[in-house]
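Participant: Supplied in C-alpha coordinates, the structure appears directly below.
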Amino acid sequence: MGLGLANGCERPDSRGMLIRPFITMICLALFSAQTARAEVLVFAAASLKEPVDAMASQFPDVVVSYAGSGTLARQVSQGAPADVVLLANADWMNYLRDGDHVQPHTVSDFASNGLVLIGPATSNDVSLAADGISNALGGGRIAVGLTNAVPAGIYAKEALIHLGLWDQFAGQLAEVDNVRAALALVARGQAPLGIVYATDARISDAVRVVANFPQESHTPIRYTGALTPDAGNDAATFWAFVTGIEGQAIMAEAGFLPPVSQ
(Lines give C-alpha, C1' and ligand atoms only; values in the text may rest on other atoms or scores of the structure.)
Protein backbone atom coordinates (compact mmCIF):
# COMPACT_ATOMS: atom_id res chain seq x y z
CA MET A 1 0.00 0.00 0.00
CA GLY A 2 1.34 3.46 -0.86
CA LEU A 3 1.55 6.46 1.46
CA GLY A 4 -1.89 7.87 2.13
CA LEU A 5 -2.23 11.66 2.33
CA ALA A 6 -4.42 13.03 5.06
CA ASN A 7 -7.11 15.71 5.17
CA GLY A 8 -9.23 14.21 2.38
CA CYS A 9 -6.73 14.92 -0.35
CA GLU A 10 -7.40 11.76 -2.37
CA ARG A 11 -10.71 12.35 -4.13
CA PRO A 12 -12.02 11.78 -7.67
CA ASP A 13 -12.36 14.74 -10.01
CA SER A 14 -14.12 14.87 -13.35
CA ARG A 15 -11.19 16.76 -14.86
CA GLY A 16 -8.92 13.79 -14.06
CA MET A 17 -5.37 14.16 -15.27
CA LEU A 18 -5.41 17.98 -15.40
CA ILE A 19 -6.40 18.45 -11.77
CA ARG A 20 -4.69 15.48 -10.10
CA PRO A 21 -1.11 16.87 -10.25
CA PHE A 22 -2.20 20.10 -8.57
CA ILE A 23 -4.07 18.23 -5.83
CA THR A 24 -1.02 16.02 -5.25
CA MET A 25 1.24 19.07 -4.93
CA ILE A 26 -1.10 20.71 -2.43
CA CYS A 27 -1.39 17.52 -0.38
CA LEU A 28 2.35 16.98 -0.32
CA ALA A 29 2.77 20.54 0.95
CA LEU A 30 0.21 19.91 3.69
CA PHE A 31 1.90 16.64 4.60
CA SER A 32 5.30 18.35 4.81
CA ALA A 33 3.89 21.08 7.04
CA GLN A 34 2.38 18.48 9.35
CA THR A 35 5.62 16.50 9.68
CA ALA A 36 8.01 19.49 9.93
CA ARG A 37 6.99 20.19 13.54
CA ALA A 38 7.93 16.60 14.42
CA GLU A 39 11.50 17.89 14.81
CA VAL A 40 12.70 18.67 18.33
CA LEU A 41 13.46 22.38 18.50
CA VAL A 42 16.04 23.33 21.13
CA PHE A 43 16.56 26.96 22.18
CA ALA A 44 20.06 27.25 23.63
CA ALA A 45 22.22 30.04 24.99
CA ALA A 46 24.91 31.12 22.52
CA SER A 47 27.73 30.03 24.83
CA LEU A 48 26.51 26.42 24.60
CA LYS A 49 27.02 26.03 20.86
CA GLU A 50 29.92 23.58 20.78
CA PRO A 51 28.68 20.99 23.31
CA VAL A 52 25.03 21.23 22.28
CA ASP A 53 25.97 20.87 18.62
CA ALA A 54 27.92 17.74 19.58
CA MET A 55 24.92 16.34 21.45
CA ALA A 56 22.41 17.29 18.77
CA SER A 57 24.49 15.48 16.12
CA GLN A 58 23.51 12.23 17.82
CA PHE A 59 19.80 12.98 17.41
CA PRO A 60 18.74 13.33 13.74
CA ASP A 61 15.45 15.01 14.68
CA VAL A 62 16.99 17.75 16.86
CA VAL A 63 17.33 21.31 15.53
CA VAL A 64 19.03 23.99 17.66
CA SER A 65 18.54 27.75 17.64
CA TYR A 66 21.15 29.87 19.49
CA ALA A 67 20.82 33.37 20.94
CA GLY A 68 21.17 35.26 24.19
CA SER A 69 19.22 33.73 27.07
CA GLY A 70 17.05 36.81 27.52
CA THR A 71 16.11 36.83 23.85
CA LEU A 72 15.26 33.13 23.93
CA ALA A 73 13.20 33.42 27.12
CA ARG A 74 11.17 36.29 25.70
CA GLN A 75 10.57 34.38 22.46
CA VAL A 76 9.35 31.31 24.36
CA SER A 77 7.07 33.48 26.51
CA GLN A 78 5.58 34.91 23.31
CA GLY A 79 4.78 31.48 21.88
CA ALA A 80 7.89 30.42 19.97
CA PRO A 81 7.59 26.65 19.35
CA ALA A 82 10.59 25.45 21.35
CA ASP A 83 10.58 22.00 22.96
CA VAL A 84 13.73 22.27 25.09
CA VAL A 85 15.11 25.48 26.58
CA LEU A 86 18.76 25.69 27.74
CA LEU A 87 19.66 29.00 29.36
CA ALA A 88 22.74 30.51 30.99
CA ASN A 89 20.85 32.27 33.75
CA ALA A 90 18.49 30.93 36.41
CA ASP A 91 16.53 34.19 36.61
CA TRP A 92 15.37 33.86 33.01
CA MET A 93 14.33 30.26 33.68
CA ASN A 94 12.39 31.43 36.74
CA TYR A 95 10.68 33.96 34.46
CA LEU A 96 9.57 31.12 32.17
CA ARG A 97 8.51 28.91 35.07
CA ASP A 98 6.49 31.68 36.69
CA GLY A 99 4.68 32.24 33.40
CA ASP A 100 3.94 28.52 32.91
CA HIS A 101 6.07 28.45 29.76
CA VAL A 102 8.06 25.41 30.91
CA GLN A 103 7.19 22.25 32.83
CA PRO A 104 8.25 23.07 36.41
CA HIS A 105 9.22 19.51 37.35
CA THR A 106 11.69 19.34 34.43
CA VAL A 107 13.70 22.44 35.41
CA SER A 108 17.25 21.48 36.35
CA ASP A 109 20.80 22.88 36.34
CA PHE A 110 23.17 21.03 34.03
CA ALA A 111 26.45 23.04 34.06
CA SER A 112 28.29 26.08 35.36
CA ASN A 113 31.09 28.30 34.08
CA GLY A 114 33.71 30.91 34.93
CA LEU A 115 33.95 34.57 33.92
CA VAL A 116 37.11 35.91 32.29
CA LEU A 117 38.58 39.05 30.77
CA ILE A 118 39.99 38.46 27.29
CA GLY A 119 42.26 40.42 24.98
CA PRO A 120 43.90 39.76 21.59
CA ALA A 121 46.14 36.68 21.40
CA THR A 122 49.25 38.86 21.63
CA SER A 123 48.14 40.80 24.72
CA ASN A 124 49.67 40.58 28.19
CA ASP A 125 47.91 39.75 31.43
CA VAL A 126 45.79 42.56 32.84
CA SER A 127 45.33 43.51 36.48
CA LEU A 128 41.69 43.72 37.54
CA ALA A 129 42.24 47.24 38.79
CA ALA A 130 41.39 50.64 37.33
CA ASP A 131 44.90 51.40 36.09
CA GLY A 132 45.44 47.94 34.62
CA ILE A 133 42.20 47.98 32.64
CA SER A 134 42.62 51.60 31.53
CA ASN A 135 46.09 50.89 30.19
CA ALA A 136 44.90 47.83 28.31
CA LEU A 137 41.92 49.69 26.83
CA GLY A 138 43.95 52.59 25.50
CA GLY A 139 40.76 54.56 24.89
CA GLY A 140 38.88 51.56 23.49
CA ARG A 141 35.85 49.70 24.86
CA ILE A 142 35.16 46.51 26.76
CA ALA A 143 32.96 44.12 24.75
CA VAL A 144 30.19 42.59 26.91
CA GLY A 145 26.74 41.14 26.56
CA LEU A 146 23.86 43.48 27.29
CA THR A 147 24.23 44.17 30.98
CA ASN A 148 20.47 44.26 31.60
CA ALA A 149 19.50 41.15 29.62
CA VAL A 150 22.33 38.85 28.47
CA PRO A 151 23.52 36.61 31.33
CA ALA A 152 27.24 37.11 30.56
CA GLY A 153 26.63 40.86 30.62
CA ILE A 154 24.70 40.62 33.87
CA TYR A 155 27.53 38.67 35.47
CA ALA A 156 30.07 41.14 34.05
CA LYS A 157 28.23 44.07 35.64
CA GLU A 158 28.08 42.26 38.98
CA ALA A 159 31.82 41.56 38.83
CA LEU A 160 32.74 45.14 37.94
CA ILE A 161 30.55 46.47 40.76
CA HIS A 162 32.06 44.02 43.22
CA LEU A 163 35.58 45.09 42.23
CA GLY A 164 34.69 48.79 42.44
CA LEU A 165 35.21 49.29 38.70
CA TRP A 166 31.68 49.84 37.41
CA ASP A 167 31.45 53.60 37.81
CA GLN A 168 34.69 54.11 35.92
CA PHE A 169 34.08 51.73 33.03
CA ALA A 170 30.30 51.66 32.58
CA GLY A 171 30.62 54.33 29.91
CA GLN A 172 33.30 52.36 28.07
CA LEU A 173 31.30 49.21 27.40
CA ALA A 174 30.43 47.91 23.94
CA GLU A 175 27.22 46.02 24.74
CA VAL A 176 26.08 43.35 22.29
CA ASP A 177 23.19 40.91 22.16
CA ASN A 178 25.05 37.71 23.12
CA VAL A 179 28.38 36.60 24.55
CA ARG A 180 29.66 35.20 21.26
CA ALA A 181 29.26 38.63 19.69
CA ALA A 182 31.43 40.06 22.48
CA LEU A 183 34.03 37.39 21.77
CA ALA A 184 33.95 38.24 18.05
CA LEU A 185 34.59 41.94 18.70
CA VAL A 186 37.83 41.11 20.48
CA ALA A 187 38.81 38.38 18.00
CA ARG A 188 38.40 40.84 15.10
CA GLY A 189 40.37 43.56 16.86
CA GLN A 190 37.34 45.83 17.22
CA ALA A 191 37.59 45.90 21.01
CA PRO A 192 40.80 45.60 23.05
CA LEU A 193 39.09 43.77 25.92
CA GLY A 194 36.00 41.65 26.44
CA ILE A 195 34.22 39.87 29.27
CA VAL A 196 33.07 36.37 28.34
CA TYR A 197 32.75 32.90 29.81
CA ALA A 198 35.87 30.81 30.27
CA THR A 199 34.54 28.31 27.73
CA ASP A 200 34.13 31.03 25.08
CA ALA A 201 37.81 31.96 25.30
CA ARG A 202 38.72 28.35 24.44
CA ILE A 203 37.18 28.38 20.98
CA SER A 204 39.19 31.21 19.37
CA ASP A 205 42.95 31.33 18.74
CA ALA A 206 42.60 35.09 18.19
CA VAL A 207 42.04 35.81 21.90
CA ARG A 208 43.57 34.86 25.23
CA VAL A 209 42.47 35.10 28.84
CA VAL A 210 44.20 38.08 30.43
CA ALA A 211 42.45 37.87 33.81
CA ASN A 212 40.04 35.61 35.69
CA PHE A 213 37.24 37.20 37.69
CA PRO A 214 37.00 35.80 41.22
CA GLN A 215 34.04 33.46 41.68
CA GLU A 216 32.84 35.55 44.60
CA SER A 217 32.63 38.67 42.39
CA HIS A 218 29.40 37.52 40.74
CA THR A 219 26.50 35.18 41.35
CA PRO A 220 27.16 31.57 40.30
CA ILE A 221 26.94 31.07 36.52
CA ARG A 222 24.18 28.49 36.36
CA TYR A 223 23.13 26.78 33.15
CA THR A 224 19.59 25.57 33.58
CA GLY A 225 17.19 23.81 31.22
CA ALA A 226 13.64 22.55 30.98
CA LEU A 227 10.99 21.14 28.69
CA THR A 228 8.16 23.33 27.43
CA PRO A 229 4.53 22.28 27.93
CA ASP A 230 4.23 20.98 24.34
CA ALA A 231 7.43 18.91 24.42
CA GLY A 232 7.04 15.28 23.38
CA ASN A 233 8.90 12.08 24.14
CA ASP A 234 11.75 12.82 21.73
CA ALA A 235 12.39 16.14 23.44
CA ALA A 236 12.35 14.45 26.84
CA THR A 237 14.88 11.91 25.57
CA PHE A 238 17.21 14.68 24.42
CA TRP A 239 16.90 16.57 27.71
CA ALA A 240 17.65 13.37 29.63
CA PHE A 241 20.76 12.92 27.47
CA VAL A 242 21.97 16.45 28.30
CA THR A 243 21.72 15.79 32.04
CA GLY A 244 22.93 12.20 31.82
CA ILE A 245 26.44 10.72 31.89
CA GLU A 246 27.12 11.11 28.15
CA GLY A 247 25.84 14.68 27.94
CA GLN A 248 27.75 15.72 31.03
CA ALA A 249 30.94 14.23 29.59
CA ILE A 250 30.47 16.33 26.45
CA MET A 251 29.94 19.43 28.59
CA ALA A 252 33.10 18.73 30.57
CA GLU A 253 35.14 18.16 27.41
CA ALA A 254 34.04 21.61 26.21
CA GLY A 255 35.37 23.13 29.45
CA PHE A 256 32.11 23.53 31.35
CA LEU A 257 32.00 22.92 35.07
CA PRO A 258 29.48 20.72 36.91
CA PRO A 259 26.25 22.31 38.17
CA VAL A 260 26.76 24.42 41.26
CA SER A 261 25.37 23.28 44.59
CA GLN A 262 22.03 24.85 45.38
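In the C-alpha coordinates, the first chain shown is A, the next is B, and so on; residue numbers restart at 1 for each chain, and ligands run from 1 in the order shown.
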I need the residues of stretch 41-258 of chain A that end up classed as alpha helix (DSSP H) by DSSP on the backbone, written out as a ChimeraX atom specification.
Facilitator: /A:49-56,69-77,90-98,130-137,151-162,166-169,179-187,198-201,233-243,245-253
Participant: Select, from A:Gly232, A:Pro60, A:Gly153, A:Pro192, the residue with the minimum atom-to-atom distance to A:Ala88, counting only C-alpha atoms.
Facilitator: A:Gly153
Participant: Would you pick out the contacts of A:Thr122 at 10 Å or less, using only C-alpha atoms, so that residues sharing its chain but fewer than 5 positions from it are not included, and give the list as a count of residues only?
Facilitator: 3
Participant: So that I can check the surroundings of stretch 46-51 of chain A, please list as a list in words every protein, DNA and RNA residue that reaches within 8 Å of it, counting only C-alpha atoms and ignoring chain neighbours fewer than 3 positions away.
Facilitator: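 Everything that qualifies: Ala54, Met55, Tyr66, Ala67, Gly68, Ser69, Ala88, Asn178, Val179, Arg180, Tyr197, Thr199, Asp200, Ile250, Met251 and Ala254 of chain A.
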Participant: Next, the residues of the selection above should be written as a short mmCIF file (atom, residue, chain, number, x, y, z; two decimals), in the first residue's frame with all heavy atoms.
Facilitator:
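Final output, saved to again.cif:
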```
data_model
loop_
_atom_site.label_atom_id
_atom_site.label_comp_id
_atom_site.auth_asym_id
_atom_site.auth_seq_id
_atom_site.Cartn_x
_atom_site.Cartn_y
_atom_site.Cartn_z
N ALA A 54 27.40 19.10 19.49
CA ALA A 54 27.92 17.74 19.58
C ALA A 54 26.83 16.77 20.03
O ALA A 54 26.72 15.65 19.51
CB ALA A 54 29.11 17.69 20.54
N MET A 55 26.01 17.19 20.98
CA MET A 55 24.92 16.34 21.45
C MET A 55 23.83 16.20 20.40
O MET A 55 23.33 15.10 20.14
CB MET A 55 24.36 16.89 22.76
CG MET A 55 25.27 16.67 23.95
SD MET A 55 24.54 17.16 25.53
CE MET A 55 25.13 18.84 25.66
N TYR A 66 20.33 29.22 18.47
CA TYR A 66 21.15 29.87 19.49
C TYR A 66 20.91 31.37 19.52
O TYR A 66 20.73 32.01 18.49
CB TYR A 66 22.64 29.62 19.21
CG TYR A 66 23.04 28.17 19.29
CD1 TYR A 66 23.20 27.40 18.14
CD2 TYR A 66 23.26 27.56 20.52
CE1 TYR A 66 23.57 26.07 18.21
CE2 TYR A 66 23.63 26.23 20.61
CZ TYR A 66 23.78 25.49 19.46
OH TYR A 66 24.14 24.18 19.53
N ALA A 67 20.93 31.92 20.74
CA ALA A 67 20.82 33.37 20.94
C ALA A 67 21.13 33.65 22.40
O ALA A 67 21.45 32.74 23.17
CB ALA A 67 19.44 33.88 20.56
N GLY A 68 21.03 34.91 22.79
CA GLY A 68 21.17 35.26 24.19
C GLY A 68 20.01 34.70 25.00
O GLY A 68 18.89 34.59 24.49
N SER A 69 20.26 34.35 26.25
CA SER A 69 19.22 33.73 27.07
C SER A 69 17.98 34.61 27.23
O SER A 69 16.85 34.11 27.21
CB SER A 69 19.78 33.38 28.45
OG SER A 69 20.77 32.38 28.36
N ALA A 88 21.54 30.27 30.20
CA ALA A 88 22.74 30.51 30.99
C ALA A 88 22.46 31.37 32.21
O ALA A 88 23.37 31.98 32.76
CB ALA A 88 23.82 31.18 30.12
N ASN A 178 24.72 39.00 22.54
CA ASN A 178 25.05 37.71 23.12
C ASN A 178 26.55 37.62 23.34
O ASN A 178 27.32 38.42 22.80
CB ASN A 178 24.54 36.53 22.27
CG ASN A 178 25.21 36.45 20.92
OD1 ASN A 178 26.38 36.08 20.82
ND2 ASN A 178 24.49 36.79 19.85
N VAL A 179 26.97 36.67 24.15
CA VAL A 179 28.38 36.60 24.55
C VAL A 179 29.31 36.27 23.38
O VAL A 179 30.46 36.71 23.35
CB VAL A 179 28.53 35.58 25.70
CG1 VAL A 179 28.30 34.15 25.22
CG2 VAL A 179 29.89 35.71 26.37
N ARG A 180 28.82 35.53 22.41
CA ARG A 180 29.66 35.20 21.26
C ARG A 180 29.94 36.44 20.41
O ARG A 180 30.98 36.55 19.76
CB ARG A 180 29.03 34.09 20.42
CG ARG A 180 29.08 32.73 21.11
CD ARG A 180 30.53 32.32 21.38
NE ARG A 180 30.66 31.15 22.22
CZ ARG A 180 30.66 29.90 21.79
NH1 ARG A 180 30.50 29.64 20.50
NH2 ARG A 180 30.82 28.90 22.62
N TYR A 197 32.58 34.10 29.00
CA TYR A 197 32.75 32.90 29.81
C TYR A 197 34.09 32.25 29.50
O TYR A 197 34.63 32.38 28.40
CB TYR A 197 31.63 31.91 29.51
CG TYR A 197 30.25 32.42 29.85
CD1 TYR A 197 29.23 32.41 28.89
CD2 TYR A 197 29.94 32.89 31.13
CE1 TYR A 197 27.96 32.87 29.19
CE2 TYR A 197 28.67 33.35 31.44
CZ TYR A 197 27.69 33.33 30.47
OH TYR A 197 26.43 33.79 30.77
N THR A 199 34.67 29.24 28.85
CA THR A 199 34.54 28.31 27.73
C THR A 199 34.57 29.03 26.38
O THR A 199 35.01 28.47 25.38
CB THR A 199 33.24 27.50 27.84
OG1 THR A 199 32.14 28.41 28.05
CG2 THR A 199 33.31 26.53 29.01
N ASP A 200 34.10 30.28 26.34
CA ASP A 200 34.13 31.03 25.08
C ASP A 200 35.57 31.30 24.65
O ASP A 200 35.90 31.22 23.46
CB ASP A 200 33.38 32.36 25.22
CG ASP A 200 31.90 32.18 25.48
OD1 ASP A 200 31.28 31.43 24.72
OD2 ASP A 200 31.40 32.75 26.45
N ILE A 250 30.29 15.40 27.57
CA ILE A 250 30.47 16.33 26.45
C ILE A 250 30.62 17.76 26.98
O ILE A 250 31.47 18.53 26.51
CB ILE A 250 29.29 16.22 25.46
CG1 ILE A 250 29.33 14.87 24.75
CG2 ILE A 250 29.33 17.36 24.44
CD1 ILE A 250 28.11 14.59 23.89
N MET A 251 29.83 18.11 27.99
CA MET A 251 29.94 19.43 28.59
C MET A 251 31.32 19.63 29.21
O MET A 251 31.96 20.67 29.04
CB MET A 251 28.86 19.62 29.65
CG MET A 251 27.42 19.62 29.14
SD MET A 251 27.05 20.99 28.02
CE MET A 251 27.25 22.39 29.11
N ALA A 254 34.08 20.25 26.75
CA ALA A 254 34.04 21.61 26.21
C ALA A 254 34.50 22.65 27.24
O ALA A 254 34.52 23.84 26.94
CB ALA A 254 32.63 21.94 25.73
#
```
